[in-house]
Each structure stands twice: as C-alpha cells, then as structure tokens.
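Asks: The structure that follows is given in the form of structure tokens.
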2 protein chains.
Amino acid sequence: MIIDSHSHVMLPVEQQIELMNEAGINKTILFYTSIHPERVTDFQSFEQEMGKVFKILEGHVNGAEARKKGIEEQMQSIHLYPDRFLAFGSVPIGLNDEETAEWVEKQVIDNGFKGLGEFTLASGQINTLEPVFKSSYEFGYLPIWVHTFHPLGLNDIKELAELAKKYTKVPVIFGHLGGLNWLDTIKITKEISNAYIDVSAFYTTFALSLAMSELPERTLFSSDSPYGDPLLVRMAVERHSSDPYTRERVLGGNIAELLKL
Amino acid sequence: MIIDSHSHVMLPVEQQIELMNEAGINKTILFYTSIHPERVTDFQSFEQEMGKVFKILEGHVNGAEARKKGIEEQMQSIHLYPDRFLAFGSVPIGLNDEETAEWVEKQVIDNGFKGLGEFTLASGQINTLEPVFKSSYEFGYLPIWVHTFHPLGLNDIKELAELAKKYTKVPVIFGHLGGLNWLDTIKITKEISNAYIDVSAFYTTFALSLAMSELPERTLFSSDSPYGDPLLVRMAVERHSSDPYTRERVLGGNIAELLKL
C-alpha cells in the first residue's frame, strides 16, 4: 500500500484525489491548513497566501479558531473519501497539560485522527511541546509530527531529539528531514529508535537517498502537497532507494506499521 | 533543444551521459567541482565529502590549485563528448581587476568556456564579485552564475541585485532561485532585465511554477547534478509550467539565447 504520510487538505478535494490517483497513492494522511495557495491564480494573491505561510512557519499563528475551521475541512475530505484519507490533528501550543489533554481528546481522538501535528514553531520553542508529549503518552503514544525545516536550526533539532529520548514510547517525526540540517538530522535520528524522518521538501536527492539507506524502517514518504508534487516525490523515492524492501517500507510500510493500519 | 544549464562534472563521465540520455537532455553546461559525492558508497566517506561541500558553501575554499584540477576534469569531459558538454569557468575571488582579467582570459576564454561561476560565497561577500563583473564586461558580457541558496540571505541577494543593476549588460544568474528567499528573489529579479533565475534545488513546486510564470524568458532549467536528478527536474518543469512556449524557453531556449548557441 502506497501512503502519502503528510499532505495538507487541498480544495477542491477532487483535485487532491486526482493527484493521488495519478501517483498511485492509496491513502493520504491529511494535515490541517488555514490557507489554500493551490486555489490562487494571480501573483499578488499568491504572495498574500505565502505571507501567511511564512507567518505560520515563524510560529506567529496559534489560534484555536483557524484550527477548528481546518479540522472541519479535514473531516469533510475524510467524509467524502473515507477509504482514501486519514488525518493528524493540530494542537495549539501554550496550553497547560490538562488543557492540552482536553484538546487532544476532543479534537483528535474523538475525530478518529491518528497523530498530532504539524507543529510549526519558532526557533527556541521546542520545549513548549512537552505537554503534547505527555498527551501522546496518555492517549496511547500518538505520533508527533514537527516541521524541522527553516526557521528551526540545528539546536532546535537537538532539543527535539532530547524530547524524543525522554519520551521513548512516543514516535517523533522530523518533518522535512531537518531542512538545511539534513545530514546532522539523519545522524541524530539514527540513534533514536522512536525518531522518524519525513522526506518532503528535500532539495537534494542525496538527502533522500541517505535517509533511506540509513533509516530504511524509519523514513516516511510524503509529498507535503500542495507544496510538493506526489508523483514526483514517489518517483524520487523509487529512483533513489537501493532495494525493493526499502522502497516498500518508505512508500507505505513504515507509516502503516506506525499507525497500525 | 533541451539544455541542463547547471551541473557539476560527474565521474565516470559515461554515468553523466547516461543520466542526460535518460532525461532527454541534449547538452549540459558543466561546472567545476573539487569533490565527487556521486562516487562514494559508505556513510562515513559520504559525510567527509559533504563536509567539504559545506566548507565550500561557507566560502572557505578559494584555492587556485583545486580549481585548476577541476577545470582539467571539465576539459576532459568536453573532449570526450564535445557535442554534449559546454562549461562555465571558475574564478577565484580576492584577486584585483587585472589578476581577475588575466585568470578569465587564460582559464575561461582560452578554454572556450561560456560564462563565469559558480560563485559560492559566505554571507556579506557579494561585493568581492566586482572585479568579476568588470572582467565580464571586458570579455563580451560573460554570464555570471552565483549560488544564492543558504548561507546567503536576503541582504546578499539584494546586494547581488544592485551589482546586476550597475552592470546592466552582464547577465547574472541567481542560482537555486534564492533558496529560502525564493519569493523575494523572484520579485527582485523580475524588475532587472539582465537577471536570470536558476531553478535547481527548489524544495517546493510553487517556487518553480512561480519563477516560470513570472519570468518565462529568464528562468533556466538545471539539475545541479549530482545533487539533483535531471529526469525529475525536467519532469517538474514540464508538469509545473503553464504552456508549451514557457516550457520550451525554460528547458533550453533561454540559455541557448543567452550563450548564443
């Protein structure tokens, strides 16, 4: 089974299904989004949407309202194509342990979502994830998906690694394989058995091939669509993995095992 | 004609030709390299090679000797496949105007190379390129290729834009479309008629599609192999360009015109 382990909700949903069909993807794990650059056609509107992306990436957006609207969109896509979509649930940071657990129960567990994230934090904020790790424990070790490309740096990635070492039963997905720090991220995560590498947004195929050869059972295929192209990323995994076993694991086996699909 | 406008010398040369054939690439413009990560098979050696790449990217490598060896490799590949390869010539920074002109004449013009670069500078060093711009003028406006991904930041990109505005007849190629600053880079270069955008190392297809839609006659296809995959980048250009005219220009027309091929 081919699983795109990280994509955002695209509208209209039929467009997303079409991209999945074209790429031979059976299931996609949907993540919440507050914006839809895929719907924009002119430069100015696109720039505005991207301005919002950059704000999110800088950790400046943490609203509950936008999250709830995003969760509704996830539910709608799942409702329309229940065999094709799963989801991870977004969680605000800055809540205390109890509030976080309450949010996770209501907005993640009750909706049937399979994990927590994406977390897009400013540099220096990784420790604000601690209540999320505690909630993961409480609800059966839900995987936590963290954006580790820019603006996060190597120190943030090391802090995330420390959290993963502290909560050894929580699967931690290092989203976008550490961005500019892909080589260090691969080295660091290799030594942590509950750390996983997401390949989306790779900018050199060496990062992709190295992740797969070093962590064949903990590297996860994803397109990050609409920011990436599912077909091209699938082909990249196929072309830059060294054997059929690794290919099968990366394209679906690893995430299926992780989420008990 | 399909032209990969930026790749490094790969060894053995037959492997590079094979990748070009597979991707339907007629000609590749070769850039010098002092390392060959494509030849490495184990993690430790790969890490060593990458350590050298990171040093180069930080602007710490500027030796004449390594350059001359690299130029020899370029000449060998061209000698073996004269119809398939062209080259840009590497130039050390830190020489005065006269020394730079002397180097360009001997190591670039006399070798039949078509442009200057790749320049991989530390942040804050863009102005050291001024003698190179002067040499470009002297030898008939040779295009200058500058790495603008990390570690360069937006200020460096703006400084490069200022140089391009000062030397209006020198084509300046913004390599890797500004990296993290792709949106600003596209906006800045759009207003400078002698500025060009190289698409290699894009990490979101939005950067690629936007460059092509905003600068259809100044966006250049390249794979940056061995760091990128020629077939996948060609497919990305084809899938994310909006019309056949743009596709033809980006895949070869623009660089052919620029180099008078």
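Following the order of the structure tokens, first chain is A, next is B, and so on, with residues numbered from 1 inside each chain and ligands from 1 in the order they appear.
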Excluding Leu183 of chain B and its own-chain neighbours fewer than 3 positions away, which residues fall within 8 Å of it when counting only C-alpha atoms? Please give them as a PyMOL selection string.
Replies: (chain A and resi 47) or (chain B and resi 186-187+207)
Asks: Counting only C-alpha atoms, which residues of chain A come no farther than 10 Å from chain B, as a PyMOL selection string?
Replies: chain A and resi 37-38+42-43+46-47+50-51+150-151+176+179-180+183-184+187+200-207+210+213-214+223-229+231-233+235-236+239-240
Asks: Taking 3 positions as the minimum chain separation for residues in the same chain, which residues sit within 10 Å of Gly117 of chain A when counting only C-alpha atoms? Answer as a PyMOL selection string.
Replies: chain A and resi 31-32+87-92+114+120+132+143-147+173
Asks: Once DSSP has gone over the backbone, tell me which residues of segment 123-232 of chain A are in strand (DSSP E or B), as a ChimeraX atom specification.
Replies: /A:144-147,172-175,195-198,219-220
Asks: Convert the current residue selection to file output with all heavy atoms, as an mmCIF file, in the first residue's frame.
Replies:
```
data_model
loop_
_atom_site.group_PDB
_atom_site.id
_atom_site.type_symbol
_atom_site.label_atom_id
_atom_site.label_comp_id
_atom_site.auth_asym_id
_atom_site.auth_seq_id
_atom_site.Cartn_x
_atom_site.Cartn_y
_atom_site.Cartn_z
ATOM 1 N N ILE A 144 3.978 12.263 16.904
ATOM 2 C CA ILE A 144 4.030 13.737 16.888
ATOM 3 C C ILE A 144 4.840 14.182 15.673
ATOM 4 O O ILE A 144 5.974 13.740 15.479
ATOM 5 C CB ILE A 144 4.679 14.262 18.189
ATOM 6 C CG1 ILE A 144 3.785 13.891 19.385
ATOM 7 C CG2 ILE A 144 4.895 15.774 18.116
ATOM 8 C CD1 ILE A 144 4.389 14.277 20.732
ATOM 9 N N TRP A 145 4.247 15.071 14.856
ATOM 10 C CA TRP A 145 4.866 15.490 13.588
ATOM 11 C C TRP A 145 5.331 16.944 13.727
ATOM 12 O O TRP A 145 4.516 17.846 13.906
ATOM 13 C CB TRP A 145 3.833 15.375 12.477
ATOM 14 C CG TRP A 145 4.370 15.157 11.084
ATOM 15 C CD1 TRP A 145 4.337 14.000 10.373
ATOM 16 C CD2 TRP A 145 4.977 16.131 10.200
ATOM 17 N NE1 TRP A 145 4.895 14.176 9.121
ATOM 18 C CE2 TRP A 145 5.293 15.478 8.988
ATOM 19 C CE3 TRP A 145 5.300 17.486 10.331
ATOM 20 C CZ2 TRP A 145 5.891 16.124 7.904
ATOM 21 C CZ3 TRP A 145 5.913 18.129 9.258
ATOM 22 C CH2 TRP A 145 6.199 17.442 8.058
ATOM 23 N N VAL A 146 6.639 17.158 13.614
ATOM 24 C CA VAL A 146 7.202 18.502 13.824
ATOM 25 C C VAL A 146 7.929 18.979 12.565
ATOM 26 O O VAL A 146 8.776 18.261 12.022
ATOM 27 C CB VAL A 146 8.198 18.507 15.023
ATOM 28 C CG1 VAL A 146 8.716 19.925 15.280
ATOM 29 C CG2 VAL A 146 7.535 17.945 16.280
ATOM 30 N N HIS A 147 7.573 20.177 12.112
ATOM 31 C CA HIS A 147 8.277 20.835 10.999
ATOM 32 C C HIS A 147 9.696 21.159 11.472
ATOM 33 O O HIS A 147 9.863 21.912 12.435
ATOM 34 C CB HIS A 147 7.493 22.105 10.645
ATOM 35 C CG HIS A 147 8.158 23.018 9.658
ATOM 36 N ND1 HIS A 147 7.779 23.084 8.330
ATOM 37 C CD2 HIS A 147 9.159 23.926 9.804
ATOM 38 C CE1 HIS A 147 8.514 23.989 7.714
ATOM 39 N NE2 HIS A 147 9.368 24.513 8.583
ATOM 40 N N VAL A 172 8.355 10.234 17.073
ATOM 41 C CA VAL A 172 8.525 11.646 16.716
ATOM 42 C C VAL A 172 8.968 11.728 15.256
ATOM 43 O O VAL A 172 9.997 11.154 14.886
ATOM 44 C CB VAL A 172 9.580 12.330 17.611
ATOM 45 C CG1 VAL A 172 9.712 13.797 17.239
ATOM 46 C CG2 VAL A 172 9.204 12.180 19.082
ATOM 47 N N ILE A 173 8.180 12.423 14.454
ATOM 48 C CA ILE A 173 8.507 12.530 13.031
ATOM 49 C C ILE A 173 9.184 13.876 12.780
ATOM 50 O O ILE A 173 8.601 14.933 13.033
ATOM 51 C CB ILE A 173 7.236 12.379 12.166
ATOM 52 C CG1 ILE A 173 6.580 11.023 12.462
ATOM 53 C CG2 ILE A 173 7.580 12.518 10.676
ATOM 54 C CD1 ILE A 173 5.169 10.878 11.898
ATOM 55 N N PHE A 174 10.423 13.797 12.315
ATOM 56 C CA PHE A 174 11.205 15.006 11.992
ATOM 57 C C PHE A 174 10.817 15.419 10.566
ATOM 58 O O PHE A 174 11.329 14.877 9.588
ATOM 59 C CB PHE A 174 12.699 14.709 12.104
ATOM 60 C CG PHE A 174 13.187 14.572 13.534
ATOM 61 C CD1 PHE A 174 12.759 13.519 14.333
ATOM 62 C CD2 PHE A 174 14.054 15.513 14.076
ATOM 63 C CE1 PHE A 174 13.198 13.399 15.662
ATOM 64 C CE2 PHE A 174 14.503 15.405 15.397
ATOM 65 C CZ PHE A 174 14.071 14.355 16.188
ATOM 66 N N GLY A 175 9.875 16.372 10.491
ATOM 67 C CA GLY A 175 9.310 16.763 9.203
ATOM 68 C C GLY A 175 10.316 17.466 8.306
ATOM 69 O O GLY A 175 11.102 18.295 8.767
ATOM 70 N N ALA A 195 12.492 7.838 16.623
ATOM 71 C CA ALA A 195 12.554 9.009 15.744
ATOM 72 C C ALA A 195 12.371 8.580 14.290
ATOM 73 O O ALA A 195 12.942 7.573 13.859
ATOM 74 C CB ALA A 195 13.895 9.714 15.904
ATOM 75 N N TYR A 196 11.571 9.329 13.556
ATOM 76 C CA TYR A 196 11.271 9.044 12.158
ATOM 77 C C TYR A 196 11.641 10.258 11.309
ATOM 78 O O TYR A 196 11.642 11.386 11.787
ATOM 79 C CB TYR A 196 9.781 8.717 11.987
ATOM 80 C CG TYR A 196 9.413 7.398 12.626
ATOM 81 C CD1 TYR A 196 9.294 7.293 14.020
ATOM 82 C CD2 TYR A 196 9.234 6.256 11.855
ATOM 83 C CE1 TYR A 196 8.993 6.070 14.625
ATOM 84 C CE2 TYR A 196 8.928 5.032 12.449
ATOM 85 C CZ TYR A 196 8.808 4.951 13.827
ATOM 86 O OH TYR A 196 8.519 3.747 14.414
ATOM 87 N N ILE A 197 11.921 9.983 10.033
ATOM 88 C CA ILE A 197 12.329 11.038 9.104
ATOM 89 C C ILE A 197 11.282 11.164 7.999
ATOM 90 O O ILE A 197 10.972 10.183 7.320
ATOM 91 C CB ILE A 197 13.677 10.652 8.442
ATOM 92 C CG1 ILE A 197 14.835 10.754 9.420
ATOM 93 C CG2 ILE A 197 13.929 11.475 7.204
ATOM 94 C CD1 ILE A 197 15.585 12.045 9.374
ATOM 95 N N ASP A 198 10.749 12.358 7.841
ATOM 96 C CA ASP A 198 9.834 12.635 6.732
ATOM 97 C C ASP A 198 10.628 13.260 5.593
ATOM 98 O O ASP A 198 11.421 14.176 5.823
ATOM 99 C CB ASP A 198 8.757 13.612 7.201
ATOM 100 C CG ASP A 198 8.037 14.255 6.038
ATOM 101 O OD1 ASP A 198 7.125 13.605 5.496
ATOM 102 O OD2 ASP A 198 8.395 15.394 5.647
ATOM 103 N N THR A 219 12.044 5.879 7.656
ATOM 104 C CA THR A 219 11.911 7.001 6.717
ATOM 105 C C THR A 219 10.531 6.921 6.073
ATOM 106 O O THR A 219 10.082 5.841 5.697
ATOM 107 C CB THR A 219 13.022 6.956 5.656
ATOM 108 O OG1 THR A 219 14.284 7.148 6.307
ATOM 109 C CG2 THR A 219 12.853 8.054 4.611
ATOM 110 N N LEU A 220 9.871 8.072 5.974
ATOM 111 C CA LEU A 220 8.480 8.112 5.527
ATOM 112 C C LEU A 220 8.332 8.970 4.269
ATOM 113 O O LEU A 220 8.726 10.137 4.251
ATOM 114 C CB LEU A 220 7.588 8.700 6.634
ATOM 115 C CG LEU A 220 7.706 8.071 8.032
ATOM 116 C CD1 LEU A 220 6.870 8.870 9.040
ATOM 117 C CD2 LEU A 220 7.280 6.610 8.009
#
```
Asks: Find, counting only C-alpha atoms, the residue in A:Leu152, A:Leu121, A:Ile192, A:Val53 that gets nearest to Lys166 of chain A.
Replies: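 Checking each of A:Leu152, A:Leu121, A:Ile192, A:Val53 against Lys166 of chain A, counting only C-alpha atoms, the winner is A:Ile192.
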Asks: Just the alpha helix (DSSP H) stuff from segment 13-222 of chain B, please, per backbone DSSP, written as a VMD selection string.
Replies: chain B and resid 13 to 23 43 to 57 64 to 80 97 to 103 130 to 138 154 to 166 182 to 190 205 to 214
Asks: How would the residues just picked look written out with C-alpha atoms as a short mmCIF file (atom, residue, chain, number, x, y, z; two decimals), in the first residue's frame?
Replies:
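Saved to selection_4.cif:
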```cif
data_model
loop_
_atom_site.label_atom_id
_atom_site.label_comp_id
_atom_site.auth_asym_id
_atom_site.auth_seq_id
_atom_site.Cartn_x
_atom_site.Cartn_y
_atom_site.Cartn_z
CA VAL B 13 31.64 10.72 -17.50
CA GLU B 14 29.60 7.87 -19.00
CA GLN B 15 27.33 7.95 -15.96
CA GLN B 16 26.58 11.61 -16.60
CA ILE B 17 25.87 10.94 -20.29
CA GLU B 18 23.55 8.12 -19.29
CA LEU B 19 21.57 10.41 -16.96
CA MET B 20 21.34 13.01 -19.74
CA ASN B 21 20.15 10.42 -22.26
CA GLU B 22 17.56 9.08 -19.85
CA ALA B 23 16.23 12.62 -19.29
CA PHE B 43 28.17 6.79 5.04
CA GLN B 44 31.47 7.90 6.54
CA SER B 45 33.08 8.80 3.21
CA PHE B 46 29.88 10.50 2.14
CA GLU B 47 29.90 12.56 5.31
CA GLN B 48 33.50 13.58 4.58
CA GLU B 49 32.60 14.66 1.05
CA MET B 50 29.62 16.61 2.35
CA GLY B 51 31.82 18.23 4.98
CA LYS B 52 33.87 19.58 2.07
CA VAL B 53 30.69 20.78 0.31
CA PHE B 54 29.61 22.68 3.43
CA LYS B 55 33.06 24.30 3.65
CA ILE B 56 32.81 25.36 0.01
CA LEU B 57 29.32 26.74 0.60
CA ALA B 64 43.72 28.09 -7.39
CA GLU B 65 45.09 24.53 -7.38
CA ALA B 66 41.78 22.74 -6.75
CA ARG B 67 40.25 24.98 -9.42
CA LYS B 68 42.83 24.03 -12.00
CA LYS B 69 42.26 20.32 -11.34
CA GLY B 70 38.54 20.90 -11.65
CA ILE B 71 38.99 22.74 -14.94
CA GLU B 72 41.01 19.80 -16.26
CA GLU B 73 38.10 17.49 -15.46
CA GLN B 74 35.73 19.81 -17.31
CA MET B 75 38.05 19.80 -20.34
CA GLN B 76 38.28 16.01 -20.28
CA SER B 77 34.50 15.58 -20.32
CA ILE B 78 34.15 18.12 -23.15
CA HIS B 79 36.95 16.42 -25.06
CA LEU B 80 35.17 13.06 -24.81
CA ASP B 97 40.90 43.66 -11.52
CA GLU B 98 44.00 42.91 -13.54
CA GLU B 99 44.64 39.50 -11.99
CA THR B 100 40.98 38.57 -12.42
CA ALA B 101 41.06 39.55 -16.10
CA GLU B 102 44.24 37.53 -16.57
CA TRP B 103 42.64 34.45 -14.95
CA GLU B 130 33.04 43.42 -8.55
CA PRO B 131 36.30 42.51 -10.39
CA VAL B 132 34.44 39.54 -11.91
CA PHE B 133 31.72 41.85 -13.23
CA LYS B 134 34.41 44.09 -14.73
CA SER B 135 36.03 41.10 -16.43
CA SER B 136 32.67 40.04 -17.79
CA TYR B 137 32.41 43.45 -19.49
CA GLU B 138 35.90 43.19 -20.85
CA LEU B 154 18.11 38.18 1.54
CA ASN B 155 20.60 41.02 2.08
CA ASP B 156 23.17 39.22 -0.07
CA ILE B 157 20.57 38.68 -2.76
CA LYS B 158 19.73 42.39 -2.69
CA GLU B 159 23.42 43.24 -3.00
CA LEU B 160 23.73 40.95 -5.98
CA ALA B 161 20.69 42.66 -7.49
CA GLU B 162 22.45 46.02 -7.03
CA LEU B 163 25.51 44.72 -8.88
CA ALA B 164 23.26 43.47 -11.68
CA LYS B 165 21.67 46.93 -11.90
CA LYS B 166 25.10 48.59 -12.01
CA TRP B 182 12.69 32.31 -3.46
CA LEU B 183 9.61 34.53 -3.33
CA ASP B 184 11.61 37.73 -2.76
CA THR B 185 14.19 36.65 -5.31
CA ILE B 186 11.54 36.21 -7.99
CA LYS B 187 10.10 39.64 -7.16
CA ILE B 188 13.52 41.31 -7.22
CA THR B 189 14.82 39.70 -10.41
CA LYS B 190 11.58 40.36 -12.25
CA THR B 205 7.00 23.27 -6.67
CA PHE B 206 5.36 26.67 -6.01
CA ALA B 207 8.82 28.28 -6.31
CA LEU B 208 9.34 26.57 -9.65
CA SER B 209 5.91 27.37 -11.09
CA LEU B 210 6.05 30.98 -9.91
CA ALA B 211 9.52 31.59 -11.38
CA MET B 212 8.34 30.23 -14.73
CA SER B 213 5.10 32.20 -14.77
CA GLU B 214 6.74 35.48 -13.70
#
```
Asks: How many Å lie between atom CA of Val237 of chain B and atom CA of Leu177 of chain B, rounded to one decimal?
Replies: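 Straight-line distance from atom CA of Val237 of chain B to atom CA of Leu177 of chain B works out to 13.9 Å.
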Asks: In Å, rounded to a single decimal, give me how far atom CA of Gly24 of chain B is from atom CA of Asp243 of chain B.
Replies: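 Atom CA of Gly24 of chain B lies 19.3 Å from atom CA of Asp243 of chain B.
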Asks: So, with only C-alpha atoms as the atoms that count, which of A:Ala256, A:Ile93, A:Val104, A:Ile2 lies closest to Asn127 of chain A?
Replies: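 Of A:Ala256, A:Ile93, A:Val104, A:Ile2, the one nearest Asn127 of chain A, counting only C-alpha atoms, is A:Ile93.
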Asks: What's the 10 Å shell around Tyr245 of chain B, counting only C-alpha atoms, without same-chain residues fewer than 5 positions away, as a ChimeraX atom specification?
Replies: /B:216-217,250,253
Asks: The selected residues should be written to file as a PDB file, in the first residue's frame (atoms: N, CA, C and O atoms).
Replies:
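Below you can see part_16.pdb, which holds the result:
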```pdb
ATOM      1  N   PRO B 216       9.159  33.939 -17.644  1.00  0.00           N
ATOM      2  CA  PRO B 216       9.241  32.825 -18.608  1.00  0.00           C
ATOM      3  C   PRO B 216      10.466  32.898 -19.518  1.00  0.00           C
ATOM      4  O   PRO B 216      10.956  31.860 -19.973  1.00  0.00           O
ATOM      5  N   GLU B 217      10.964  34.096 -19.752  1.00  0.00           N
ATOM      6  CA  GLU B 217      12.108  34.220 -20.666  1.00  0.00           C
ATOM      7  C   GLU B 217      13.438  34.390 -19.934  1.00  0.00           C
ATOM      8  O   GLU B 217      14.481  34.620 -20.555  1.00  0.00           O
ATOM      9  N   VAL B 250      12.214  27.619 -20.937  1.00  0.00           N
ATOM     10  CA  VAL B 250      12.886  27.265 -19.685  1.00  0.00           C
ATOM     11  C   VAL B 250      13.799  26.052 -19.885  1.00  0.00           C
ATOM     12  O   VAL B 250      14.926  26.013 -19.380  1.00  0.00           O
ATOM     13  N   GLY B 253      15.553  27.144 -24.468  1.00  0.00           N
ATOM     14  CA  GLY B 253      15.542  28.354 -25.290  1.00  0.00           C
ATOM     15  C   GLY B 253      16.245  29.533 -24.645  1.00  0.00           C
ATOM     16  O   GLY B 253      17.017  30.237 -25.306  1.00  0.00           O
TER      17      GLY B 253
END
```
Asks: Near segment 83-86 of chain B, counting only C-alpha atoms, which residues have an atom at most 7 Å away, once you skip same-chain residues fewer than 3 positions from it, shown as an NGL selection string?
Replies: :B and (26-30 or 78 or 113)
Asks: Mind writing the picked residues with N, CA, C and O atoms as a PDB file, in the first residue's frame?
Replies:
```pdb
ATOM      1  N   ASN B  26      19.928  17.276 -24.357  1.00  0.00           N
ATOM      2  CA  ASN B  26      20.879  17.327 -25.461  1.00  0.00           C
ATOM      3  C   ASN B  26      22.259  17.799 -25.000  1.00  0.00           C
ATOM      4  O   ASN B  26      23.279  17.228 -25.389  1.00  0.00           O
ATOM      5  N   LYS B  27      22.260  18.879 -24.227  1.00  0.00           N
ATOM      6  CA  LYS B  27      23.542  19.438 -23.779  1.00  0.00           C
ATOM      7  C   LYS B  27      23.480  19.789 -22.301  1.00  0.00           C
ATOM      8  O   LYS B  27      22.424  20.194 -21.790  1.00  0.00           O
ATOM      9  N   THR B  28      24.633  19.652 -21.643  1.00  0.00           N
ATOM     10  CA  THR B  28      24.737  20.044 -20.231  1.00  0.00           C
ATOM     11  C   THR B  28      25.874  21.044 -20.090  1.00  0.00           C
ATOM     12  O   THR B  28      26.936  20.864 -20.679  1.00  0.00           O
ATOM     13  N   ILE B  29      25.632  22.079 -19.297  1.00  0.00           N
ATOM     14  CA  ILE B  29      26.696  23.035 -19.006  1.00  0.00           C
ATOM     15  C   ILE B  29      27.381  22.599 -17.725  1.00  0.00           C
ATOM     16  O   ILE B  29      26.767  22.547 -16.656  1.00  0.00           O
ATOM     17  N   LEU B  30      28.638  22.255 -17.864  1.00  0.00           N
ATOM     18  CA  LEU B  30      29.393  21.693 -16.748  1.00  0.00           C
ATOM     19  C   LEU B  30      30.040  22.784 -15.914  1.00  0.00           C
ATOM     20  O   LEU B  30      30.632  23.730 -16.449  1.00  0.00           O
ATOM     21  N   ILE B  78      34.476  17.451 -21.876  1.00  0.00           N
ATOM     22  CA  ILE B  78      34.155  18.116 -23.148  1.00  0.00           C
ATOM     23  C   ILE B  78      34.896  17.433 -24.295  1.00  0.00           C
ATOM     24  O   ILE B  78      34.338  17.222 -25.386  1.00  0.00           O
ATOM     25  N   PHE B 113      35.253  28.334 -22.589  1.00  0.00           N
ATOM     26  CA  PHE B 113      34.123  28.297 -21.663  1.00  0.00           C
ATOM     27  C   PHE B 113      33.202  29.495 -21.913  1.00  0.00           C
ATOM     28  O   PHE B 113      33.615  30.521 -22.458  1.00  0.00           O
TER      29      PHE B 113
END
```
Asks: Which residue out of B:Leu129, B:Glu58, B:Leu11, B:Phe149 has the minimum interatomic distance to Ile35 of chain B when only C-alpha atoms are used?
Replies: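 Using only C-alpha atoms, Ile35 of chain B sits closest to B:Leu11.
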